[in-house]
Amino acid sequence: MNDIPSRYNPKETEDKWYKFWEEKNLFSAKVNPAKKPFCIVIPPPNVTGILHMGHALNNTIQDILIRYHRMKGEEALWMPGTDHAGIATQNVVEKSIAKEGLKRQDLGREKFIERVWQWKEQYGSTIIHQLKKLGASCDWSRTRFTMDEEYSKAVLEVFVRLYEKGLIYRGSYIINWCPRCSTALSDEEAPHRDLQGNLYYLRYPFKEEFRGLSQKGTVPYIIVATTRPETMLGDTAVAVNPKDKRYKKYIGKTLILPLVNREIKIIADSMVDMQFGTGAVKVTPAHDPNDFLLGKKHNLEFINIMHPDGRLNENAGDYKDMDRFEAREVILEDLKEKGFLEKVQPHRLSAGHCYRCHTIIEPYLSEQWFVKMKPLAKPAIEAVKKGKIKFYPKRWTKVYLNWMENIQDWCISRQIWWGHRLPVYYCKKCKAVTVSKIKPEKCSACGSGDIYQDEDVLDTWFSSWLWPFATFYWPQGLSPQGTVPAEDLKYFYPTAVLVTAPEIIFFWVARMIMAGLEFMADIPFRDVYIHGTVRDIEGKKMSKSLGNIIDPLEIIDEYGADALRFSLISITAQGQDVYLSRERFQQGRNFANKIWNAARFVLMNLDPTQIRVDLCEFFKSQDLDIVNRWILSRFYTTLKQVSKALDNYRFNEAANLLYGFFWHEFCDWYLELIKPEIKERRNQVIMYKILEKFLRVIHPYMPFITEEIWQRLPHMGESITIQPWPHVQEQLIDKKAEKETDILFSIIKSIRNLRAEIEVRPEQKVVVSVYPQIKAAVNLIQNNQGLIRRLANLEELNLLDSSRRPQKTTSDIENKYAVIYLHFSGIIDIAQEQAKIKQGLQDQLKRKAAKEKLMQNPEFVKKANSEVVKKMADEIKELEEKIKRLEKLTDELH
RNA sequence: GGGCGCAUGGCUCAGUUGGUUAGAGCGCUACACUCACAUUGUAGAGGUCGAGGGUUCGAAUCCUUCUGCGCCCACCA
């Protein structure tokens, strides 16, 4: 009689509806002055990316927002795309050609880049397909890639503008160098991790006293401490603090650098911490950022001892071509042998690690390009301080500001091939630098045609920081095919909200704010929502290397995308980390199935001819019964709360509200209540309308199942994705009905409780007498006897007007509203009953005493909210009545 | 060294501006597959809200100190 299976099968629906949405272009957004724009730019995943739980969380949140605002009638645009991810992608392709026994150098730059593009064509859209599996409603027709021709123009434009403004400069500085990737990295790309290492104490002998020391008996050497002994080969000084009494007399003296036999001076600088190590520090200006500063200040020699790949170079003498860590061991051996090693102490230290390959980075002196950040940071700090951009949760504001206020210049050149090549040209003749978007014919200084382009490419983030406007074809404002009109940028920018993870704040969020203000003269987004990190059940971050990954695609396969989405969101408190296990997804699957079966039930019992009516009109024309008034009220109350929660980025709250409403109110109570009279018009209309509206409201969370059901309903419109978000009908919110059903339900629950307690078989009908404790309950019970009888499985229901315990009573129970007596031919355990009553009496007395004490406190009466005081007084009155009744009962039982 | 987060029933967590008897999911116990759903239903057990101190008529909630766990930042040779 009906063709709906009793289990929801996501596999049969998800791909089908996604295809449908795409075919109908339901996700495309256009400039529409009649509508409010709502735009989110996706944090572009790496082209090398495959969907992990972090993506799943990040994109589910964005999809919920986009679908919600689309239904609210805004012009919702979710701008998708991918990031060329310079280092990561180059690494992947290098690995792939390594299978053919090739290195990128074998291919040469051009051929290698060709291979990367080939790779991108083949695998670069994997993540896009996976996002579609998730249900992401991006406007795919706009998909951008940071290496697109037009996008690249924007990148070069920005470089040139900043250069011309004097904000980009080139210079030799100590930067983070990854020997494995063989490139410079920004500070953000080289996060510090703690390591267990050693502090090595080395003896540097004095030159003057070198020979005759043993006779004089003075200290023949100064001891310096270092964690990287191999860098001693590049030492050009030893520094002490000028205030340090121990060393004052040695300042200006000369030492002989062991193994190398270089003469180095002892210099004084207040930078030296007297407390650390021996208070004397070896200075390696080419291999340590602090030493670099000292080197500049004291005009020291800069000796680079390392090849870019981490092996030592010709300046390392005998240690040439050894790997840095191998050299460390050999050097230590040699130092030890020659008596220059004083001691070795275990030492916790932290070192930068390449964020792509996790190799320990080397502070390395090299010529790089930098962006001066302070001038860019200033307005970006202001924008957040003034509240033009808001972080959710708020606490990230401080993290952002702290970083921005201490911002360092940004190293943007990378010594790799895959990326935007610097628009910088050098003249072979006069060495002048020409910076130009398009390759210049000749040197801007001397006019020579003998020029060549810088080999370096730009940091990937130097392109991603333009994402919120470069995706709209800034600065031309027009896509090459003219498919994206110039007005788009104006209409959709600034975007509404950026959704991302905390570790991206510095990399991307902060820089987008700076770029937006600099190039668009406006903030790129109004809100920043920072969600938590996805962890496993033990709290460890999910990562491939730990092997604790839960693959979202497997979850989709097993439970469905809706289940994945719903579960993920319902356990993610705002901004808190998420602890996941596979079992957690059962909740979402079960909920989907519940919705499925409720819809199935409604459809099985639906007469489509009855329901074509406007809900409000229908409501006005009818004298609706309490049950329908209640469920309408509950729906609209929930809707109101859900909208509010979504507006405040409280996604889990909205999810849980919807879950509770649908499962425990609509299914458990409402559908059960109307079952016998389900064909009545009022029930037909209300159950249908609520189901239909509920589907819309849960749709942002569970797009697939809601579409599947929607399509089976006698619906209007082609897809649920573009149905309007229901309006809150305030006039249907009926607190009185809610209160009254609470009375009915608690009476029914109490009876059920009673039955269970004395183990009445479920099929056994019993007789129950009810003595209402509040006036409102009397009529209510009277008018809803049938309902109570059915849900509590009663033979007969008597309404008492006296609290006298009726004859043949087996057991009783009381709740806020009534005392309930159950008549059943079982055995009455008088003692047990007495104990129960006694206990109840004592509880009530205690509660009454507590409340009376509060009421006798003049401070309370004076200061507390009058509503609270009144409530308290009412409660005392109620308690008094209950106590009176209980006392009477005790007497009777004696 | 600086900053942030977390600590609530066996487990994982909610608890918005302080206000009745602190909630949910999972797990557990008992009962129930004729009636949309066993991916289910009904009922139940289980918490002195990490510790001390303070503010307040009133604190899981605000302040403070401490303890434990986790994270971020920093030029700790």
# chains A, B, ... in the order shown; residues from 1 in each chain; ligands from 1

call {"tool": "residues_around", "arguments": {"residues": "range 165-176 of chain A", "least_positions_apart": "4", "cutoff": "8 Å", "atoms": "only C-alpha atoms (C1' of nucleotides)", "output": "VMD selection string"}}
result
chain A and resid 159 161 184 to 187 190 286 to 289 292 352 361 to 373 411

call {"tool": "write_last_selection", "arguments": {"atoms": "N, CA, C and O atoms", "output": "JSON list (two decimals), in the first residue's frame"}}
result
[["chain", "number", "residue", "atom", "x", "y", "z"],
["A", 159, "PHE", "N", 51.68, 42.59, -6.15],
["A", 159, "PHE", "CA", 53.11, 42.66, -5.93],
["A", 159, "PHE", "C", 53.65, 44.01, -6.40],
["A", 159, "PHE", "O", 54.37, 44.71, -5.69],
["A", 161, "ARG", "N", 52.01, 46.80, -6.97],
["A", 161, "ARG", "CA", 51.51, 47.94, -6.19],
["A", 161, "ARG", "C", 52.26, 48.10, -4.88],
["A", 161, "ARG", "O", 52.63, 49.20, -4.49],
["A", 184, "ALA", "N", 62.93, 28.93, 1.22],
["A", 184, "ALA", "CA", 62.66, 29.77, 2.38],
["A", 184, "ALA", "C", 61.21, 29.58, 2.79],
["A", 184, "ALA", "O", 60.36, 29.19, 1.98],
["A", 185, "LEU", "N", 60.92, 29.81, 4.07],
["A", 185, "LEU", "CA", 59.56, 29.74, 4.58],
["A", 185, "LEU", "C", 59.30, 30.98, 5.42],
["A", 185, "LEU", "O", 60.24, 31.56, 5.96],
["A", 186, "SER", "N", 58.05, 31.33, 5.54],
["A", 186, "SER", "CA", 57.71, 32.44, 6.43],
["A", 186, "SER", "C", 57.74, 31.90, 7.87],
["A", 186, "SER", "O", 57.77, 30.69, 8.09],
["A", 187, "ASP", "N", 57.70, 32.79, 8.82],
["A", 187, "ASP", "CA", 57.71, 32.36, 10.21],
["A", 187, "ASP", "C", 56.52, 31.45, 10.52],
["A", 187, "ASP", "O", 56.63, 30.50, 11.29],
["A", 190, "ALA", "N", 56.88, 27.80, 9.74],
["A", 190, "ALA", "CA", 57.91, 27.04, 10.46],
["A", 190, "ALA", "C", 57.59, 27.01, 11.95],
["A", 190, "ALA", "O", 58.29, 27.60, 12.76],
["A", 286, "ALA", "N", 75.56, 34.03, 10.30],
["A", 286, "ALA", "CA", 74.88, 33.53, 9.11],
["A", 286, "ALA", "C", 73.91, 32.39, 9.42],
["A", 286, "ALA", "O", 73.24, 31.89, 8.52],
["A", 287, "HIS", "N", 73.84, 31.97, 10.68],
["A", 287, "HIS", "CA", 73.01, 30.80, 10.97],
["A", 287, "HIS", "C", 72.14, 30.92, 12.19],
["A", 287, "HIS", "O", 71.65, 29.92, 12.71],
["A", 288, "ASP", "N", 71.94, 32.13, 12.65],
["A", 288, "ASP", "CA", 71.06, 32.32, 13.80],
["A", 288, "ASP", "C", 70.52, 33.74, 13.77],
["A", 288, "ASP", "O", 71.27, 34.69, 13.54],
["A", 289, "PRO", "N", 69.25, 33.89, 13.98],
["A", 289, "PRO", "CA", 68.65, 35.22, 13.86],
["A", 289, "PRO", "C", 69.22, 36.23, 14.86],
["A", 289, "PRO", "O", 69.43, 37.39, 14.50],
["A", 292, "PHE", "N", 72.66, 37.05, 13.88],
["A", 292, "PHE", "CA", 72.62, 37.90, 12.70],
["A", 292, "PHE", "C", 72.56, 39.37, 13.11],
["A", 292, "PHE", "O", 73.30, 40.21, 12.60],
["A", 352, "GLY", "N", 62.12, 25.26, 14.83],
["A", 352, "GLY", "CA", 61.13, 25.38, 13.77],
["A", 352, "GLY", "C", 61.11, 24.13, 12.91],
["A", 352, "GLY", "O", 62.14, 23.51, 12.68],
["A", 361, "ILE", "N", 63.85, 23.03, 10.46],
["A", 361, "ILE", "CA", 64.30, 24.11, 9.58],
["A", 361, "ILE", "C", 65.66, 24.64, 10.04],
["A", 361, "ILE", "O", 66.06, 24.44, 11.17],
["A", 362, "GLU", "N", 66.31, 25.29, 9.15],
["A", 362, "GLU", "CA", 67.62, 25.86, 9.43],
["A", 362, "GLU", "C", 67.50, 27.37, 9.32],
["A", 362, "GLU", "O", 67.01, 27.88, 8.31],
["A", 363, "PRO", "N", 67.90, 28.11, 10.35],
["A", 363, "PRO", "CA", 67.96, 29.56, 10.16],
["A", 363, "PRO", "C", 69.09, 29.84, 9.17],
["A", 363, "PRO", "O", 70.21, 29.39, 9.38],
["A", 364, "TYR", "N", 68.77, 30.50, 8.11],
["A", 364, "TYR", "CA", 69.69, 30.52, 6.97],
["A", 364, "TYR", "C", 69.75, 31.92, 6.41],
["A", 364, "TYR", "O", 68.71, 32.57, 6.21],
["A", 365, "LEU", "N", 70.95, 32.36, 6.12],
["A", 365, "LEU", "CA", 71.11, 33.70, 5.58],
["A", 365, "LEU", "C", 70.96, 33.64, 4.06],
["A", 365, "LEU", "O", 71.70, 32.93, 3.39],
["A", 366, "SER", "N", 70.00, 34.35, 3.56],
["A", 366, "SER", "CA", 69.88, 34.36, 2.11],
["A", 366, "SER", "C", 69.12, 35.58, 1.63],
["A", 366, "SER", "O", 68.48, 36.28, 2.41],
["A", 367, "GLU", "N", 69.21, 35.80, 0.36],
["A", 367, "GLU", "CA", 68.58, 36.95, -0.26],
["A", 367, "GLU", "C", 67.11, 36.60, -0.53],
["A", 367, "GLU", "O", 66.84, 35.65, -1.28],
["A", 368, "GLN", "N", 66.21, 37.33, 0.07],
["A", 368, "GLN", "CA", 64.80, 37.03, -0.11],
["A", 368, "GLN", "C", 63.99, 38.30, -0.28],
["A", 368, "GLN", "O", 64.51, 39.40, -0.05],
["A", 369, "TRP", "N", 62.73, 38.12, -0.65],
["A", 369, "TRP", "CA", 61.81, 39.25, -0.78],
["A", 369, "TRP", "C", 60.87, 39.29, 0.41],
["A", 369, "TRP", "O", 60.41, 38.25, 0.87],
["A", 370, "PHE", "N", 60.60, 40.50, 0.86],
["A", 370, "PHE", "CA", 59.78, 40.65, 2.06],
["A", 370, "PHE", "C", 58.71, 41.71, 1.85],
["A", 370, "PHE", "O", 58.88, 42.63, 1.05],
["A", 371, "VAL", "N", 57.62, 41.55, 2.62],
["A", 371, "VAL", "CA", 56.60, 42.60, 2.66],
["A", 371, "VAL", "C", 56.70, 43.28, 4.02],
["A", 371, "VAL", "O", 56.74, 42.60, 5.05],
["A", 372, "LYS", "N", 56.75, 44.58, 4.00],
["A", 372, "LYS", "CA", 56.71, 45.36, 5.25],
["A", 372, "LYS", "C", 55.30, 45.28, 5.79],
["A", 372, "LYS", "O", 54.35, 45.75, 5.16],
["A", 373, "MET", "N", 55.15, 44.74, 6.96],
["A", 373, "MET", "CA", 53.79, 44.46, 7.42],
["A", 373, "MET", "C", 53.19, 45.54, 8.33],
["A", 373, "MET", "O", 51.98, 45.68, 8.39],
["A", 411, "CYS", "N", 58.29, 37.07, 4.69],
["A", 411, "CYS", "CA", 59.16, 36.57, 3.63],
["A", 411, "CYS", "C", 58.27, 35.88, 2.59],
["A", 411, "CYS", "O", 57.61, 34.89, 2.88]]

call {"tool": "interface_residues", "arguments": {"of": "chain A", "to": "chain B", "cutoff": "6 Å", "atoms": "only C-alpha atoms (C1' of nucleotides)", "output": "list in words"}}
result
Thr226, Val281, Asn290, Asn590, Asn597, Ala598, Arg600, Phe601, Asn753, Ala756, Glu859 and Phe860 of chain A

call {"tool": "residues_around", "arguments": {"residues": "His84 in chain A", "least_positions_apart": "4", "cutoff": "8 Å", "atoms": "only C-alpha atoms (C1' of nucleotides)", "output": "list in words"}}
result
Asn46, Val47, Thr89, Phe145, Thr146, Met147, Gly419 and Thr460 of chain A

call {"tool": "write_last_selection", "arguments": {"atoms": "C-alpha atoms", "output": "tab-separated table (two decimals), in the first residue's frame"}}
result
chain	number	residue	atom	x	y	z
A	46	ASN	CA	44.79	22.48	-1.61
A	47	VAL	CA	44.54	20.96	-5.06
A	89	THR	CA	51.81	20.26	-4.80
A	145	PHE	CA	42.04	28.40	-8.82
A	146	THR	CA	44.80	30.56	-7.45
A	147	MET	CA	46.94	29.83	-10.51
A	419	GLY	CA	53.70	29.13	-8.10
A	460	THR	CA	51.10	30.54	-1.82

call {"tool": "residues_around", "arguments": {"residues": "Val330 in chain A", "least_positions_apart": "5", "cutoff": "9 Å", "atoms": "only C-alpha atoms (C1' of nucleotides)", "output": "PyMOL selection string"}}
result
chain A and resi 230+319+325+335

call {"tool": "write_last_selection", "arguments": {"atoms": "C-alpha atoms", "output": "compact mmCIF listing (two decimals), in the first residue's frame"}}
result
# COMPACT_ATOMS: atom_id res chain seq x y z
CA GLU A 230 78.06 22.29 14.03
CA TYR A 319 83.34 18.67 7.07
CA PHE A 325 73.37 16.33 11.66
CA LEU A 335 86.13 18.55 19.74

call {"tool": "atom_distance", "arguments": {"atom1": "CA of Ile513 in chain A", "atom2": "CA of Leu466 in chain A"}}
result
9.3 Å

call {"tool": "select_by_dssp", "arguments": {"residues": "range 219-348 of chain A", "states": "alpha helix (DSSP H)", "output": "PyMOL selection string"}}
result
chain A and resi 289-297+324-337

call {"tool": "select_by_dssp", "arguments": {"residues": "range 707-856 of chain A", "states": "strand (DSSP E)", "output": "PDB file with C-alpha atoms, in the first residue's frame"}}
result
ATOM      1  CA  VAL A 766      -6.192  -0.692  34.605  1.00  0.00           C
ATOM      2  CA  VAL A 767      -8.460   1.744  36.342  1.00  0.00           C
ATOM      3  CA  VAL A 768      -7.031   4.995  37.575  1.00  0.00           C
ATOM      4  CA  SER A 769      -8.402   7.799  39.686  1.00  0.00           C
ATOM      5  CA  VAL A 770      -6.984  11.247  39.442  1.00  0.00           C
ATOM      6  CA  TYR A 771      -7.233  13.986  41.991  1.00  0.00           C
ATOM      7  CA  PRO A 772      -6.173  17.254  40.434  1.00  0.00           C
ATOM      8  CA  LEU A 794      -6.434   2.624  30.893  1.00  0.00           C
ATOM      9  CA  GLU A 795      -9.692   0.819  31.237  1.00  0.00           C
ATOM     10  CA  GLU A 796     -11.253   3.635  33.134  1.00  0.00           C
ATOM     11  CA  LEU A 797     -10.321   7.057  34.368  1.00  0.00           C
ATOM     12  CA  ASN A 798     -12.047   8.614  37.344  1.00  0.00           C
ATOM     13  CA  LEU A 799     -11.819  12.235  38.301  1.00  0.00           C
ATOM     14  CA  THR A 809      -6.067   1.449  45.517  1.00  0.00           C
ATOM     15  CA  THR A 810      -2.906  -0.392  44.793  1.00  0.00           C
ATOM     16  CA  SER A 811      -0.461   2.451  44.585  1.00  0.00           C
ATOM     17  CA  ASP A 812      -0.359   6.154  44.048  1.00  0.00           C
ATOM     18  CA  ILE A 813       1.914   8.810  42.785  1.00  0.00           C
ATOM     19  CA  GLU A 814       1.812  12.551  42.709  1.00  0.00           C
ATOM     20  CA  ALA A 818      -2.306  15.765  40.365  1.00  0.00           C
ATOM     21  CA  VAL A 819      -2.375  12.773  42.627  1.00  0.00           C
ATOM     22  CA  ILE A 820      -2.955   9.551  40.815  1.00  0.00           C
ATOM     23  CA  TYR A 821      -4.318   6.356  42.260  1.00  0.00           C
ATOM     24  CA  LEU A 822      -4.089   3.087  40.461  1.00  0.00           C
ATOM     25  CA  HIS A 823      -6.656   0.368  41.065  1.00  0.00           C
TER      26      HIS A 823
END

call {"tool": "residues_around", "arguments": {"residues": "Asn648 in chain A", "least_positions_apart": "6", "cutoff": "12 Å", "atoms": "only C-alpha atoms (C1' of nucleotides)", "output": "number ranges by chain"}}
result
A: 65, 390-394, 497, 527-529, 574, 641-642, 654; B: 16

call {"tool": "atom_distance", "arguments": {"atom1": "CA of Met716 in chain A", "atom2": "CA of Thr609 in chain A"}}
result
14.0 Å

call {"tool": "atom_distance", "arguments": {"atom1": "CA of Gly532 in chain A", "atom2": "CA of Val384 in chain A"}}
result
21.0 Å

call {"tool": "closest_residue", "arguments": {"among": "B:G18, B:C35, B:A45, B:G50", "to": "C62 in chain B", "atoms": "only C-alpha atoms (C1' of nucleotides)"}}
result
B:G18

call {"tool": "residues_around", "arguments": {"residues": "Lys385 in chain A", "least_positions_apart": "5", "cutoff": "12 Å", "atoms": "only C-alpha atoms (C1' of nucleotides)", "output": "JSON, numbers by chain"}}
result
{"A": [378, 379, 380, 390, 391, 394, 397, 398, 400, 401, 402, 404, 405]}
